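Visitor: Got start_34.tsv for you, TSV, C-alpha atoms:
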chain	number	residue	atom	x	y	z
A	1	MET	CA	-18.52	32.65	15.02
A	2	THR	CA	-17.90	30.53	18.11
A	3	HIS	CA	-14.49	29.40	19.23
A	4	PRO	CA	-13.77	25.75	18.32
A	5	HIS	CA	-13.94	23.19	21.09
A	6	PRO	CA	-11.89	19.99	20.67
A	7	ASN	CA	-14.76	17.68	21.72
A	8	ARG	CA	-17.57	19.39	19.83
A	9	ARG	CA	-18.85	18.74	16.33
A	10	THR	CA	-18.14	21.50	13.82
A	11	LEU	CA	-20.78	22.57	11.29
A	12	LEU	CA	-20.01	24.71	8.25
A	13	VAL	CA	-23.10	26.83	7.48
A	14	VAL	CA	-23.17	28.42	4.02
A	15	ASP	CA	-25.87	31.06	3.58
A	16	ASP	CA	-25.73	34.62	2.19
A	17	GLN	CA	-28.46	35.87	4.53
A	18	GLU	CA	-27.14	37.07	7.89
A	19	GLU	CA	-30.54	36.54	9.51
A	20	ASN	CA	-30.55	32.86	8.49
A	21	LEU	CA	-27.07	32.44	9.95
A	22	ARG	CA	-28.23	34.04	13.18
A	23	ILE	CA	-31.23	31.70	13.44
A	24	LEU	CA	-29.15	28.61	12.71
A	25	GLY	CA	-26.50	29.78	15.12
A	26	ALA	CA	-29.02	30.17	17.91
A	27	ILE	CA	-30.47	26.70	17.31
A	28	LEU	CA	-27.27	24.73	16.82
A	29	THR	CA	-24.90	26.39	19.31
A	30	MET	CA	-27.55	25.71	21.94
A	31	MET	CA	-27.13	22.02	21.07
A	32	GLY	CA	-23.37	22.20	21.67
A	33	TYR	CA	-22.12	22.46	18.08
A	34	ASP	CA	-19.40	24.82	16.87
A	35	LEU	CA	-20.52	26.86	13.86
A	36	VAL	CA	-18.30	28.12	11.04
A	37	PRO	CA	-20.22	30.60	8.84
A	38	ALA	CA	-19.66	31.33	5.14
A	39	PHE	CA	-21.60	33.90	3.10
A	40	ASP	CA	-20.82	32.56	-0.40
A	41	GLY	CA	-19.19	29.66	-2.26
A	42	ARG	CA	-15.72	31.17	-2.40
A	43	GLN	CA	-15.67	31.76	1.35
A	44	ALA	CA	-17.02	28.25	1.96
A	45	LEU	CA	-14.10	26.72	0.03
A	46	GLN	CA	-11.67	28.86	2.03
A	47	ARG	CA	-13.25	27.69	5.29
A	48	LEU	CA	-13.02	24.06	4.15
A	49	ALA	CA	-9.34	24.43	3.30
A	50	ALA	CA	-8.64	25.89	6.74
A	51	ARG	CA	-10.65	23.45	8.85
A	52	LEU	CA	-12.62	20.30	8.03
A	53	PRO	CA	-16.15	20.39	9.44
A	54	ASP	CA	-18.13	17.32	10.48
A	55	LEU	CA	-21.18	18.42	8.46
A	56	ILE	CA	-22.16	21.17	6.01
A	57	LEU	CA	-25.48	23.04	5.88
A	58	LEU	CA	-25.59	24.47	2.36
A	59	ASP	CA	-28.04	26.99	0.92
A	60	ILE	CA	-29.10	26.38	-2.68
A	61	VAL	CA	-29.02	30.05	-3.71
A	62	LEU	CA	-25.70	31.88	-3.21
A	63	PRO	CA	-24.48	35.15	-4.75
A	64	ASP	CA	-21.42	33.76	-6.59
A	65	ILE	CA	-22.18	30.08	-7.26
A	66	ASP	CA	-25.26	27.93	-6.72
A	67	GLY	CA	-25.25	25.35	-3.96
A	68	VAL	CA	-25.59	22.37	-6.31
A	69	THR	CA	-22.43	23.36	-8.20
A	70	LEU	CA	-20.60	24.03	-4.93
A	71	CYS	CA	-21.64	20.59	-3.62
A	72	ARG	CA	-20.27	18.97	-6.77
A	73	GLN	CA	-16.93	20.77	-6.32
A	74	ILE	CA	-16.72	19.67	-2.70
A	75	LYS	CA	-17.43	16.03	-3.56
A	76	GLU	CA	-14.75	16.06	-6.27
A	77	ASN	CA	-12.09	16.78	-3.64
A	78	PRO	CA	-11.05	13.48	-1.97
A	79	ALA	CA	-10.27	15.28	1.30
A	80	TRP	CA	-13.83	16.64	1.52
A	81	ALA	CA	-15.86	13.96	-0.25
A	82	GLU	CA	-17.00	12.16	2.93
A	83	ILE	CA	-18.40	15.27	4.63
A	84	PRO	CA	-22.22	14.99	4.72
A	85	ILE	CA	-24.02	17.95	3.11
A	86	ILE	CA	-27.57	18.94	4.07
A	87	PHE	CA	-29.13	21.36	1.60
A	88	VAL	CA	-31.33	24.17	2.91
A	89	SER	CA	-33.68	26.22	0.74
A	90	ALA	CA	-36.92	28.17	0.80
A	91	SER	CA	-38.01	26.21	-2.29
A	92	ASP	CA	-39.75	22.84	-2.11
A	93	ASP	CA	-39.38	22.22	-5.87
A	94	LYS	CA	-39.15	18.42	-6.17
A	95	ASN	CA	-36.88	18.61	-9.21
A	96	LEU	CA	-34.48	20.83	-7.28
A	97	VAL	CA	-34.54	18.41	-4.35
A	98	VAL	CA	-33.69	15.47	-6.65
A	99	GLN	CA	-30.91	17.45	-8.34
A	100	ALA	CA	-29.41	18.40	-4.97
A	101	LEU	CA	-29.45	14.83	-3.68
A	102	GLU	CA	-28.05	13.37	-6.91
A	103	THR	CA	-25.12	15.79	-6.67
A	104	GLY	CA	-24.10	14.29	-3.34
A	105	GLY	CA	-26.30	15.84	-0.67
A	106	VAL	CA	-27.55	13.53	2.07
A	107	ASP	CA	-30.68	15.49	2.99
A	108	TYR	CA	-32.81	18.54	2.18
A	109	VAL	CA	-34.40	20.94	4.71
A	110	THR	CA	-36.79	23.73	3.75
A	111	LYS	CA	-37.03	27.22	5.24
A	112	PRO	CA	-38.40	28.51	7.54
A	113	TYR	CA	-36.66	26.05	9.81
A	114	ASN	CA	-38.54	23.69	12.07
A	115	LYS	CA	-36.24	23.55	15.08
A	116	ALA	CA	-36.99	19.95	16.07
A	117	GLU	CA	-36.72	18.68	12.49
A	118	LEU	CA	-33.43	20.49	11.87
A	119	ILE	CA	-31.82	19.21	15.06
A	120	SER	CA	-33.04	15.66	14.40
A	121	ARG	CA	-31.60	15.56	10.89
A	122	VAL	CA	-28.27	17.09	11.89
A	123	ARG	CA	-27.92	14.58	14.73
A	124	ALA	CA	-28.83	11.65	12.49
A	125	HIS	CA	-26.29	12.49	9.78
A	126	LEU	CA	-23.54	13.23	12.30
A	127	ALA	CA	-24.20	9.83	13.89
A	128	LEU	CA	-24.07	8.12	10.49
A	129	LYS	CA	-20.78	9.83	9.68
A	130	GLU	CA	-19.34	8.80	13.03
A	131	SER	CA	-20.33	5.18	12.36
A	132	ARG	CA	-18.78	5.25	8.87
A	133	ASP	CA	-15.57	6.76	10.22
A	134	ALA	CA	-15.38	4.13	12.95
A	135	LEU	CA	-15.92	1.29	10.47
A	136	ARG	CA	-13.29	2.71	8.11
A	137	ASP	CA	-10.75	3.01	10.93
A	138	LEU	CA	-11.57	-0.51	12.11
A	139	ALA	CA	-11.08	-1.90	8.59
A	140	ALA	CA	-7.77	-0.06	8.23
A	141	ASP	CA	-6.56	-1.40	11.59
A	142	LYS	CA	-7.62	-4.93	10.61
A	143	ASP	CA	-5.78	-4.74	7.28
A	144	ALA	CA	-2.65	-3.34	8.91
A	145	LEU	CA	-2.67	-6.05	11.60
A	146	LEU	CA	-3.31	-8.89	9.17
A	147	GLY	CA	-0.64	-7.60	6.83
A	148	MET	CA	1.89	-7.37	9.66
A	149	LEU	CA	1.05	-10.87	10.93
A	150	ALA	CA	1.19	-12.32	7.41
A	151	HIS	CA	4.60	-10.78	6.77
A	152	ASP	CA	5.99	-12.19	10.02
A	153	PHE	CA	4.38	-15.57	9.34
A	154	LYS	CA	5.91	-15.62	5.88
A	155	ASN	CA	9.40	-15.05	7.29
A	156	HIS	CA	9.04	-17.87	9.83
A	157	LEU	CA	7.64	-20.27	7.23
A	158	SER	CA	10.52	-19.50	4.89
A	159	GLY	CA	12.95	-20.33	7.69
A	160	VAL	CA	11.21	-23.65	8.43
A	161	MET	CA	11.13	-24.62	4.76
A	162	VAL	CA	14.80	-23.78	4.09
A	163	SER	CA	15.99	-25.48	7.28
A	164	SER	CA	14.07	-28.68	6.56
A	165	ARG	CA	15.43	-28.78	3.00
A	166	LEU	CA	18.99	-28.33	4.25
A	167	LEU	CA	18.56	-31.05	6.87
A	168	ALA	CA	17.05	-33.48	4.38
A	169	GLY	CA	20.00	-32.90	2.05
A	170	ARG	CA	22.59	-34.15	4.54
A	171	GLU	CA	23.79	-37.52	3.29
A	172	GLY	CA	23.70	-40.28	5.92
A	173	ALA	CA	22.51	-38.00	8.72
A	174	PHE	CA	18.96	-39.38	8.83
A	175	ASP	CA	17.21	-42.64	8.21
A	176	THR	CA	14.59	-43.01	5.48
A	177	ARG	CA	11.60	-42.26	7.73
A	178	SER	CA	13.23	-39.14	9.14
A	179	LYS	CA	13.93	-37.88	5.63
A	180	GLU	CA	10.29	-38.48	4.71
A	181	LEU	CA	9.16	-36.47	7.72
A	182	LEU	CA	11.53	-33.63	6.85
A	183	ASP	CA	10.21	-33.66	3.32
A	184	GLU	CA	6.62	-33.44	4.62
A	185	ILE	CA	7.60	-30.48	6.83
A	186	ALA	CA	9.18	-28.73	3.84
A	187	GLN	CA	6.15	-29.37	1.60
A	188	SER	CA	3.65	-28.27	4.25
A	189	SER	CA	5.55	-25.07	4.99
A	190	GLU	CA	5.88	-24.43	1.25
A	191	ARG	CA	2.12	-24.75	0.78
A	192	MET	CA	1.42	-22.48	3.73
A	193	LEU	CA	3.97	-19.99	2.41
A	194	ALA	CA	2.17	-19.98	-0.92
A	195	PHE	CA	-1.10	-19.21	0.86
A	196	VAL	CA	0.45	-16.32	2.80
A	197	GLN	CA	1.99	-14.93	-0.37
A	198	ARG	CA	-1.39	-15.11	-2.11
A	199	PHE	CA	-2.99	-13.30	0.83
A	200	LEU	CA	-0.40	-10.52	0.73
A	201	ALA	CA	-0.77	-10.26	-3.03
A	202	ASN	CA	-4.52	-9.91	-2.61
A	203	GLN	CA	-4.02	-7.07	-0.12
A	204	GLN	CA	-1.62	-5.35	-2.53
A	205	ALA	CA	-3.96	-5.83	-5.49
A	206	THR	CA	-6.80	-4.26	-3.52
A	207	PHE	CA	-4.97	-1.17	-2.31
A	208	SER	CA	-2.00	-0.55	-4.63
A	209	PRO	CA	-2.87	0.64	-8.15
A	210	ALA	CA	-0.53	-0.48	-10.91
A	211	VAL	CA	1.31	2.21	-12.90
A	212	PRO	CA	1.26	1.67	-16.71
A	213	GLU	CA	4.63	1.85	-18.48
A	214	PRO	CA	6.29	0.09	-21.45
A	215	PHE	CA	8.00	-3.25	-20.69
A	216	ASP	CA	9.14	-6.49	-22.31
A	217	ALA	CA	6.15	-8.79	-21.88
A	218	GLY	CA	7.93	-11.68	-23.61
A	219	ALA	CA	10.51	-11.83	-20.83
A	220	ILE	CA	7.72	-11.96	-18.23
A	221	VAL	CA	6.04	-14.84	-20.07
A	222	LEU	CA	9.27	-16.85	-20.19
A	223	GLN	CA	9.95	-16.19	-16.53
A	224	ALA	CA	6.47	-17.38	-15.53
A	225	VAL	CA	6.86	-20.58	-17.57
A	226	ARG	CA	10.34	-21.40	-16.25
A	227	GLN	CA	9.21	-20.87	-12.68
A	228	HIS	CA	6.80	-23.83	-12.96
A	229	LEU	CA	8.79	-26.25	-15.14
A	230	ASP	CA	10.04	-28.30	-12.18
A	231	HIS	CA	6.53	-28.69	-10.78
A	232	ALA	CA	5.24	-29.71	-14.23
A	233	ALA	CA	8.08	-32.20	-14.71
A	234	MET	CA	7.23	-33.91	-11.41
A	235	LYS	CA	3.74	-34.64	-12.84
A	236	GLY	CA	4.96	-35.52	-16.32
A	237	ILE	CA	3.26	-32.42	-17.76
A	238	VAL	CA	4.59	-30.87	-20.97
A	239	VAL	CA	4.66	-27.07	-21.00
A	240	ASP	CA	4.64	-25.48	-24.46
A	241	CYS	CA	5.54	-21.81	-24.83
A	242	GLU	CA	5.01	-19.88	-28.05
A	243	LEU	CA	6.32	-16.33	-28.51
A	244	PRO	CA	6.65	-14.28	-31.71
A	245	GLU	CA	10.22	-13.86	-32.95
A	246	THR	CA	9.76	-10.09	-33.12
A	247	GLY	CA	9.28	-9.85	-29.35
A	248	ILE	CA	6.37	-8.51	-27.32
A	249	HIS	CA	6.30	-5.06	-25.78
A	250	ALA	CA	3.32	-4.07	-23.67
A	251	LEU	CA	2.03	-1.04	-21.81
A	252	GLY	CA	1.10	-1.86	-18.26
A	253	ASP	CA	2.79	-2.97	-15.07
A	254	ALA	CA	5.48	-5.65	-15.35
A	255	ASN	CA	5.11	-6.81	-11.73
A	256	ALA	CA	1.34	-7.07	-12.09
A	257	LEU	CA	1.61	-9.15	-15.28
A	258	ARG	CA	4.25	-11.35	-13.63
A	259	GLN	CA	1.86	-12.08	-10.79
A	260	ILE	CA	-1.10	-12.66	-13.11
A	261	LEU	CA	0.82	-15.17	-15.23
A	262	ASP	CA	2.29	-16.84	-12.15
A	263	ASN	CA	-1.27	-17.47	-10.92
A	264	LEU	CA	-2.51	-18.69	-14.31
A	265	VAL	CA	0.43	-21.00	-15.07
A	266	SER	CA	0.49	-22.28	-11.49
A	267	ASN	CA	-3.22	-23.13	-11.70
A	268	ALA	CA	-2.77	-24.77	-15.11
A	269	VAL	CA	-0.06	-27.09	-13.76
A	270	LYS	CA	-1.95	-27.65	-10.52
A	271	PHE	CA	-5.19	-28.81	-12.17
A	272	THR	CA	-3.73	-30.69	-15.16
A	273	PRO	CA	-3.53	-34.46	-14.68
A	274	GLU	CA	-0.27	-36.40	-15.05
A	275	ASP	CA	1.13	-36.58	-18.60
A	276	GLY	CA	-1.08	-33.65	-19.61
A	277	THR	CA	-0.17	-30.45	-21.45
A	278	VAL	CA	-0.04	-26.77	-20.53
A	279	ARG	CA	0.26	-24.21	-23.31
A	280	VAL	CA	1.29	-20.56	-23.01
A	281	ALA	CA	1.11	-18.49	-26.20
A	282	ALA	CA	1.46	-14.77	-26.83
A	283	LYS	CA	0.82	-12.57	-29.84
A	284	VAL	CA	0.42	-8.93	-30.86
A	285	ALA	CA	-2.53	-7.84	-33.00
A	286	ASP	CA	-4.56	-4.66	-33.46
A	287	GLY	CA	-2.58	-2.75	-30.88
A	288	ARG	CA	-3.12	-5.36	-28.16
A	289	VAL	CA	-0.90	-7.98	-26.59
A	290	SER	CA	-2.75	-11.24	-25.93
A	291	ILE	CA	-1.33	-13.97	-23.70
A	292	ASP	CA	-3.23	-17.29	-23.58
A	293	VAL	CA	-2.76	-19.89	-20.86
A	294	SER	CA	-4.55	-23.20	-21.44
A	295	ASP	CA	-4.34	-26.70	-20.01
A	296	SER	CA	-5.75	-30.20	-20.45
A	297	GLY	CA	-7.49	-30.34	-17.08
A	298	PRO	CA	-11.22	-30.60	-16.30
A	299	GLY	CA	-11.91	-26.88	-16.56
A	300	PHE	CA	-14.87	-25.31	-14.80
A	301	SER	CA	-18.46	-26.41	-14.31
A	302	GLU	CA	-21.46	-24.26	-15.17
A	303	ALA	CA	-21.93	-23.58	-11.45
A	304	ASP	CA	-18.32	-22.40	-11.15
A	305	LEU	CA	-18.59	-19.60	-13.72
A	306	PRO	CA	-20.46	-16.95	-11.63
A	307	ARG	CA	-17.96	-17.45	-8.77
A	308	LEU	CA	-14.81	-17.66	-10.85
A	309	TYR	CA	-13.22	-14.48	-9.51
A	310	GLU	CA	-14.58	-14.51	-5.97
A	311	ARG	CA	-12.04	-14.37	-3.18
A	312	TYR	CA	-11.58	-17.70	-1.37
A	313	ALA	CA	-14.05	-19.36	-3.74
A	314	ARG	CA	-14.03	-23.16	-3.70
A	315	LEU	CA	-14.70	-24.44	-7.22
A	316	SER	CA	-15.40	-27.91	-8.54
A	317	ALA	CA	-11.94	-28.90	-9.83
A	318	CYS	CA	-9.43	-30.54	-7.48
A	319	ALA	CA	-5.67	-30.20	-7.74
A	320	THR	CA	-4.34	-33.38	-9.36
A	321	GLY	CA	-1.22	-33.62	-7.21
A	322	GLY	CA	-2.66	-32.72	-3.82
A	323	GLU	CA	-1.49	-29.10	-4.15
A	324	LEU	CA	-2.97	-26.40	-1.92
A	325	SER	CA	-5.64	-24.20	-3.50
A	326	THR	CA	-6.28	-20.92	-1.66
A	327	GLY	CA	-9.13	-19.61	-3.82
A	328	LEU	CA	-7.32	-16.28	-4.15
A	329	GLY	CA	-5.34	-16.62	-7.38
A	330	LEU	CA	-7.97	-15.66	-9.95
A	331	SER	CA	-9.36	-12.89	-7.74
A	332	ILE	CA	-5.90	-11.35	-7.47
A	333	ALA	CA	-5.24	-11.74	-11.18
A	334	ARG	CA	-8.52	-10.08	-12.19
A	335	CYS	CA	-7.96	-7.15	-9.82
A	336	LEU	CA	-4.39	-6.55	-11.02
A	337	ALA	CA	-5.46	-6.74	-14.65
A	338	ALA	CA	-8.20	-4.16	-14.16
A	339	GLN	CA	-5.87	-1.76	-12.36
A	340	MET	CA	-3.42	-1.58	-15.26
A	341	GLY	CA	-6.02	-1.33	-18.01
A	342	ALA	CA	-5.81	-4.99	-19.03
A	343	SER	CA	-8.49	-7.66	-19.25
A	344	LEU	CA	-8.57	-11.22	-17.99
A	345	GLU	CA	-11.23	-13.61	-19.24
A	346	LEU	CA	-12.00	-17.29	-19.45
A	347	ILE	CA	-12.60	-18.04	-23.14
A	348	SER	CA	-13.31	-21.76	-22.82
A	349	PRO	CA	-16.88	-22.98	-22.22
A	350	ALA	CA	-18.02	-24.82	-19.11
A	351	GLY	CA	-16.79	-28.41	-19.00
A	352	ALA	CA	-13.89	-27.79	-21.42
A	353	PRO	CA	-10.20	-27.54	-20.40
A	354	ALA	CA	-9.47	-24.11	-18.96
A	355	HIS	CA	-8.26	-21.43	-21.37
A	356	PHE	CA	-7.59	-17.94	-20.03
A	357	ARG	CA	-6.59	-14.85	-21.99
A	358	VAL	CA	-4.83	-11.75	-20.68
A	359	ALA	CA	-4.99	-8.75	-23.02
A	360	LEU	CA	-3.30	-5.38	-22.53
A	361	PRO	CA	-2.18	-2.46	-24.74
A	362	SER	CA	0.92	-3.00	-26.85
A	363	ALA	CA	3.85	-0.59	-26.77
A	364	LEU	CA	6.54	0.21	-29.32
A	365	ALA	CA	9.77	-1.72	-28.87
A	366	PRO	CA	12.42	0.45	-27.16
A	367	SER	CA	15.16	1.88	-29.35
A	368	PRO	CA	18.48	-0.05	-29.22
A	369	ASN	CA	20.17	3.21	-28.22
A	370	ALA	CA	17.68	4.01	-25.49
How would this structure read if it were set down as structure tokens?

Guide:
Amino acid sequence: MTHPHPNRRTLLVVDDQEENLRILGAILTMMGYDLVPAFDGRQALQRLAARLPDLILLDIVLPDIDGVTLCRQIKENPAWAEIPIIFVSASDDKNLVVQALETGGVDYVTKPYNKAELISRVRAHLALKESRDALRDLAADKDALLGMLAHDFKNHLSGVMVSSRLLAGREGAFDTRSKELLDEIAQSSERMLAFVQRFLANQQATFSPAVPEPFDAGAIVLQAVRQHLDHAAMKGIVVDCELPETGIHALGDANALRQILDNLVSNAVKFTPEDGTVRVAAKVADGRVSIDVSDSGPGFSEADLPRLYERYARLSACATGGELSTGLGLSIARCLAAQMGASLELISPAGAPAHFRVALPSALAPSPNA
């Protein structure tokens, strides 16, 4: 076994034949790789736990466990799953090759080794892994930077919005035109703030799984409705809310449902014309909690349906009051629903007023003494 070098690629070679290890060692150390040998599956797992290699050369036949089973165990461990595995075997059985690759191997090399072929394949898969790692790190850096910028932007927008509202509220301090300008500043910053919040919610929905637990879904429904009553009143929209008298207790994530309903009710008010109606109704049946959000707007066209949950999708309907539409709301809602074991679907046909349904498992009402 060679001593590890910080700038060299490390290869874990699993083979129970010492002669094979010697041959591989001669070929690969000459190419500047550090080799870590293992004579059976148990030793291979110990080597993996001690030091992550950049690539694994894995024999099919081992004394304690076959290579296909060992590959499956390696791929089931999240810390090892991205390590490329090249199978090596004296057999050229096509069924065995298919089985090895379906288990997670990236390539298959037969013995006796062809030096040029072996080196070429090892180099190719190391280069592919390096590219994947670089792309993953780049994506993580991008997400971290965008998240940081969005958070800072949100704080500044909140300050602009609050300050303009406070200034506009000073009696006699400004003339009519100045008040109109302050109101435009407040509305613009509020719309931009909504966009930033949607963006941050989308990031959270993508990377933060929801944790299912019992909660009072009825309270979440009421909160979502009340949050948009002022907006609805400005457009003369009536918002009806129907809840069962027995209450609604669901199993899921309260924050996720709050965000889903906020998106659905906000959209319903946004796309309903003046003097229209928005209806929010919830019920419990067959062990499921169903929450329907419907409106009297134009709904979706046939062309909209395949793109309904795409991020930043621009659909046919236009907000009836000039409100900002980010194209993120339904994408976020669908992602959050899936993460907590709920479903979100459009149950109205194309061309009809929009009618969405959120369904999630029901939970027993908590004991009064709990």

Visitor: Compare A:Ala256, A:Ala100, A:Met340, A:Ile83 by their minimum atom-to-atom distance to Val61 of chain A, counting only C-alpha atoms, and give me the closest one.

Guide: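 Ranked by minimum distance to Val61 of chain A, first place goes to A:Ala100.
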
Visitor: Take atom CA of Arg288 of chain A and atom CA of Ala224 of chain A and report the distance between them in Å, one decimal.

Guide: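 A separation of 19.9 Å between them.
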
Visitor: From the set A:Val106, A:Leu264, A:Val196, A:Ala359, which residue has the shortest atom-to-atom contact distance to Ala285 of chain A, counting only C-alpha atoms?

Guide: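 Of A:Val106, A:Leu264, A:Val196, A:Ala359, the one nearest Ala285 of chain A is A:Ala359, counting only C-alpha atoms.
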
Visitor: Of the candidates A:Leu261, A:Leu57, A:Leu12, A:Ala124, which one gets nearest to Thr110 of chain A if we count all atoms listed in the file?

Guide: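 Going through A:Leu261, A:Leu57, A:Leu12, A:Ala124 one by one, the smallest distance to Thr110 of chain A is for A:Leu57.
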
Visitor: Taking into account all atoms listed in the file, which residue in the set A:Ile56, A:Ala254, A:Leu96, A:Val280 is nearest to Leu222 of chain A?

Guide: A:Val280

Visitor: Show me, as CSV, the residues of segment 88-178 of chain A having an atom within 8 Å of segment 70-76 of chain A, each with the closest atom pair and its distance in Å, using all atoms listed in the file.

Guide:
residue,atom,partner,partner_atom,distance
A:Thr103,CA,A:Arg72,CA,5.8
A:Gly104,CA,A:Cys71,CA,6.8
A:Gly105,CA,A:Cys71,CA,7.3

Visitor: Rounded to one decimal place, report the atom CA of Leu305 of chain A-atom CA of Leu344 of chain A distance in Å.

Guide: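 Atom-to-atom, atom CA of Leu305 of chain A to atom CA of Leu344 of chain A, that is 13.7 Å.
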
Visitor: Would you work out the distance separating atom CA of Arg165 of chain A from atom CA of Glu190 of chain A, expressed in Å to one decimal?

Guide: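 Distance between the two atoms: 10.6 Å.
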
Visitor: Give the answer as one residue: which of A:Gly159, A:Pro349, A:Gly67, A:Gly25 has the shortest atom-to-atom distance to Leu45 of chain A, using all atoms listed in the file?

Guide: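 Comparing A:Gly159, A:Pro349, A:Gly67, A:Gly25 against Leu45 of chain A, the winner is A:Gly67.
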
Visitor: For segment 156-174 of chain A in the structure I just supplied, write out N, CA and C atoms - as an mmCIF file, in the first residue's frame.

Guide:
data_model
loop_
_atom_site.group_PDB
_atom_site.id
_atom_site.type_symbol
_atom_site.label_atom_id
_atom_site.label_comp_id
_atom_site.auth_asym_id
_atom_site.auth_seq_id
_atom_site.Cartn_x
_atom_site.Cartn_y
_atom_site.Cartn_z
ATOM 1 N N HIS A 156 -33.834 45.386 3.146
ATOM 2 C CA HIS A 156 -33.838 46.764 2.645
ATOM 3 C C HIS A 156 -35.211 47.153 2.085
ATOM 4 N N LEU A 157 -35.850 46.228 1.369
ATOM 5 C CA LEU A 157 -37.176 46.509 0.836
ATOM 6 C C LEU A 157 -38.189 46.739 1.947
ATOM 7 N N SER A 158 -38.083 45.949 2.998
ATOM 8 C CA SER A 158 -38.995 46.131 4.139
ATOM 9 C C SER A 158 -38.821 47.524 4.735
ATOM 10 N N GLY A 159 -37.569 47.962 4.837
ATOM 11 C CA GLY A 159 -37.309 49.302 5.370
ATOM 12 C C GLY A 159 -37.894 50.389 4.488
ATOM 13 N N VAL A 160 -37.740 50.256 3.165
ATOM 14 C CA VAL A 160 -38.296 51.244 2.231
ATOM 15 C C VAL A 160 -39.818 51.273 2.338
ATOM 16 N N MET A 161 -40.438 50.115 2.373
ATOM 17 C CA MET A 161 -41.896 50.032 2.417
ATOM 18 C C MET A 161 -42.444 50.659 3.699
ATOM 19 N N VAL A 162 -41.863 50.288 4.844
ATOM 20 C CA VAL A 162 -42.346 50.827 6.127
ATOM 21 C C VAL A 162 -42.128 52.330 6.199
ATOM 22 N N SER A 163 -40.963 52.795 5.758
ATOM 23 C CA SER A 163 -40.675 54.236 5.823
ATOM 24 C C SER A 163 -41.626 55.037 4.944
ATOM 25 N N SER A 164 -41.903 54.545 3.746
ATOM 26 C CA SER A 164 -42.813 55.269 2.853
ATOM 27 C C SER A 164 -44.237 55.293 3.417
ATOM 28 N N ARG A 165 -44.658 54.205 4.053
ATOM 29 C CA ARG A 165 -45.990 54.171 4.667
ATOM 30 C C ARG A 165 -46.080 55.165 5.816
ATOM 31 N N LEU A 166 -45.030 55.229 6.615
ATOM 32 C CA LEU A 166 -45.022 56.162 7.747
ATOM 33 C C LEU A 166 -45.041 57.611 7.259
ATOM 34 N N LEU A 167 -44.256 57.892 6.216
ATOM 35 C CA LEU A 167 -44.232 59.252 5.679
ATOM 36 C C LEU A 167 -45.588 59.639 5.096
ATOM 37 N N ALA A 168 -46.190 58.733 4.355
ATOM 38 C CA ALA A 168 -47.479 59.022 3.733
ATOM 39 C C ALA A 168 -48.567 59.245 4.778
ATOM 40 N N GLY A 169 -48.385 58.687 5.971
ATOM 41 C CA GLY A 169 -49.398 58.820 7.014
ATOM 42 C C GLY A 169 -49.322 60.113 7.803
ATOM 43 N N ARG A 170 -48.329 60.937 7.541
ATOM 44 C CA ARG A 170 -48.213 62.209 8.258
ATOM 45 C C ARG A 170 -49.197 63.237 7.687
ATOM 46 N N GLU A 171 -50.132 63.606 8.482
ATOM 47 C CA GLU A 171 -51.168 64.565 8.046
ATOM 48 C C GLU A 171 -50.560 65.936 7.761
ATOM 49 N N GLY A 172 -50.827 66.481 6.593
ATOM 50 C CA GLY A 172 -50.421 67.848 6.243
ATOM 51 C C GLY A 172 -48.964 68.011 5.901
ATOM 52 N N ALA A 173 -48.175 66.937 5.965
ATOM 53 C CA ALA A 173 -46.742 67.070 5.701
ATOM 54 C C ALA A 173 -46.430 67.089 4.214
ATOM 55 N N PHE A 174 -47.327 66.531 3.387
ATOM 56 C CA PHE A 174 -47.056 66.431 1.955
ATOM 57 C C PHE A 174 -48.292 66.829 1.155
#
